[in-house]
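**Student:** Encoded as structure tokens, here's the structure I'll be asking about.
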Amino acid sequence: MQSRGSNARFSAMGMRSPISSLMLAMFAAMASLYVAGRLWQDAQNRVYFTKELDRITGQGHSAISVADTLKIIECREQRKKLSALEMELTAARQEGFISKQSSDMSKTPEKGPVIVIGIFTSFGRKNDRDAIRKAWMSTALKKMEEKKGIVARFVIGRSANRGDSLDRSIDSENSQTNDFFILENHVEAPEELSKKTKLFFAHAADSWTADYYAKVNDNVFVNLDSLGNTLASYLSDPRVYIGCMKSGEVFSEQGHKWYEPDWWKFGDGKTYFRHASTELFVISQALARYISINRSLLRTYAHDDVSVGSWFIGADVKHVDDRKFCCSSWSSGAICSGV
């Protein structure tokens with residue numbers, strides 16, 4: 001009996017063993033399928049995310065490493081900076097920081113005049129202008145420009161009461177002579193002479209591509225041949241500032257004829273730095289462009305000659321003190337003479 005019980009138990013165990021093995025095999029198969037499914041799903045996700053990253057960044061279809069991803073992020077940052085700089089550049093152009101002529105560098109530049117001379121005048125000085133027209137500023141302007149490469153214009157602003165008899169008088173005179181360079185956005189006033197000088201050089205550089213630009217008063221007579229011969233010797237100097245250089249006392253007393261509101265900026269010695277006398281001075285093309293581009297930043301002082309000198313004092317500019325530009329007397333070989 002005992003032997004039969006043992007045989008029965010072994011028989012039952014033998015029957016249970018195949019069942020357990022089958023269940024274990026089924027469980028193992030299901031686990032394998034689950035793991036394989038997860039691995040397949042993860043692989044598909046990697047492929048999907050790689051394709052999406054490729055599509056967004058415009059890269060190839062290969063997987064991107066961490067280093068490549070960092071490079072892409074850096075490129076995006078650089079692109080943002082470039083866009084910001086482009087916006088700043090556009091704003092700078094609108095503010096006048098960028099020369100208009102630099103916007104089209106693909107065109108072959110035409111031969112410009114040798115010099116553009118701005119003769120500074122004001123309202124009520126027609127007799128002085130007529131004297132200059134007869135003395136050294138040829139009435140045949142076009143002929144003078146074509147043969148000698150000299151452009152000469154009377155420089156003037158507009159009346160504070162725009163369109164009044166003063167403006168109409170200048171417009172009428174200009175219709176007959178066609179020799180004015182009118183600064184439409186400048187109000188003609190003695191205290192605004194420094195700003196007038198800055199605007200002249202800025203607009204002249206925008207209007208003509210010349211080797212030199214000169215400022216002269218309307219009571220000064222100029223020897224054009226002597227001026228041309230002198231300037232020819234400086235053609236190899238790209239940044240040159242030529243005139244009768246001087247210095248002088250800075251006056252801090254209000255009511256003085258030469259009062260300088262910013263006198264304290266010139267130090268305890270109260271002496272101006274070297275600058276060309278206002279009667280006549282010449283600057284090269286590069287300096288005129290410099291004024292044009294930076295017109296919104298350049299500071300003006302009470303006197304126009306001091307203002308111009310201040311723009312160049314800290315720049316890499318060749319200052320030329322040529323006594324032939326001193327207009328106090330007409331000597332042999334002199335370029336100018338004051339009335």
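Note on naming: chains are A, B, ... as they come in the structure tokens, residues start from 1 per chain, ligands start from 1 in the order shown.
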Please report, as number ranges by chain, each residue of range 124-154 of chain A to which DSSP assigns strand (DSSP E or B) when run on this structure's backbone.
**Tutor:** A: 150-154
**Student:** Tell me which protein, DNA and RNA residues are within 12 Å of Val114 in chain A, counting only C-alpha atoms, leaving out same-chain ones fewer than 5 positions away, and put them as a ChimeraX atom specification.
**Tutor:** /A:144-152,208-214,224,227-229,231-232,235,282-285
**Student:** Have a look at CA of Pro238 in chain A and CA of Tyr272 in chain A and let me know their distance in Å, one decimal.
**Tutor:**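 Taking CA of Pro238 in chain A and CA of Tyr272 in chain A, their separation equals 25.5 Å.
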**Student:** With DSSP run on the backbone, what are the helix (DSSP H, G or I) residues within range 136-237 of chain A? I'd like them as a PyMOL selection string.
**Tutor:** chain A and resi 141-148+165-177+190-207+224-232
**Student:** Which residues are near Asp316 in chain A? Cut-off 12 Å, only C-alpha atoms, ignore same chain within fewer than 5 positions. Put them as a ChimeraX atom specification.
**Tutor:** /A:237-241,286-287,290,311
**Student:** Generate a file of the selected residues that holds N, CA and C atoms, formatted as a compact mmCIF listing (two decimals), in the first residue's frame.
**Tutor:**
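What follows is the written file result-v9.txt:
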# COMPACT_ATOMS: atom_id res chain seq x y z
N ASP A 237 48.08 111.13 -48.81
CA ASP A 237 47.67 111.09 -47.40
C ASP A 237 46.15 110.90 -47.33
N PRO A 238 45.67 109.74 -46.88
CA PRO A 238 44.23 109.48 -46.91
C PRO A 238 43.43 110.30 -45.91
N ARG A 239 44.04 110.65 -44.78
CA ARG A 239 43.33 111.41 -43.75
C ARG A 239 44.14 112.66 -43.39
N VAL A 240 43.82 113.74 -44.07
CA VAL A 240 44.61 114.96 -43.90
C VAL A 240 43.69 116.14 -43.61
N TYR A 241 44.16 117.00 -42.73
CA TYR A 241 43.42 118.18 -42.26
C TYR A 241 44.37 119.36 -42.41
N ALA A 286 38.22 110.94 -46.77
CA ALA A 286 37.99 110.03 -45.65
C ALA A 286 37.45 110.76 -44.43
N LEU A 287 37.94 111.97 -44.18
CA LEU A 287 37.47 112.73 -43.02
C LEU A 287 36.05 113.26 -43.23
N TYR A 290 33.90 110.43 -42.59
CA TYR A 290 33.88 110.22 -41.14
C TYR A 290 32.83 111.13 -40.48
N TRP A 311 36.85 117.08 -33.57
CA TRP A 311 36.47 115.80 -34.21
C TRP A 311 37.70 114.99 -34.62
**Student:** Find the residues around Val306 in chain A up to 9 Å (only C-alpha atoms counted), leave out those fewer than 6 positions away in its own chain, and share them as a ChimeraX atom specification.
**Tutor:** /A:194,272-278,300
**Student:** Write out the residues from the selection above, keeping N, CA and C atoms, as a CSV table (one decimal), in the first residue's frame.
**Tutor:**
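Result file follows (part10.csv):
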chain,number,residue,atom,x,y,z
A,194,SER,N,28.5,126.1,-35.9
A,194,SER,CA,29.2,124.8,-35.8
A,194,SER,C,28.3,123.7,-36.4
A,272,TYR,N,42.7,126.3,-26.0
A,272,TYR,CA,42.2,125.4,-27.1
A,272,TYR,C,43.3,124.6,-27.6
A,273,PHE,N,43.0,123.4,-28.1
A,273,PHE,CA,44.0,122.5,-28.8
A,273,PHE,C,44.2,123.1,-30.2
A,274,ARG,N,45.1,122.6,-30.9
A,274,ARG,CA,45.4,123.1,-32.3
A,274,ARG,C,44.3,122.8,-33.2
A,275,HIS,N,43.9,123.8,-34.0
A,275,HIS,CA,42.8,123.6,-35.0
A,275,HIS,C,43.0,124.6,-36.1
A,276,ALA,N,42.4,124.3,-37.3
A,276,ALA,CA,42.6,125.2,-38.4
A,276,ALA,C,41.7,126.4,-38.3
A,277,SER,N,42.2,127.6,-38.7
A,277,SER,CA,41.4,128.8,-38.6
A,277,SER,C,40.2,128.7,-39.5
A,278,THR,N,39.1,129.4,-39.1
A,278,THR,CA,37.8,129.2,-39.7
A,278,THR,C,37.7,129.8,-41.1
A,300,THR,N,29.5,119.5,-30.9
A,300,THR,CA,29.8,120.9,-31.4
A,300,THR,C,30.0,121.8,-30.3
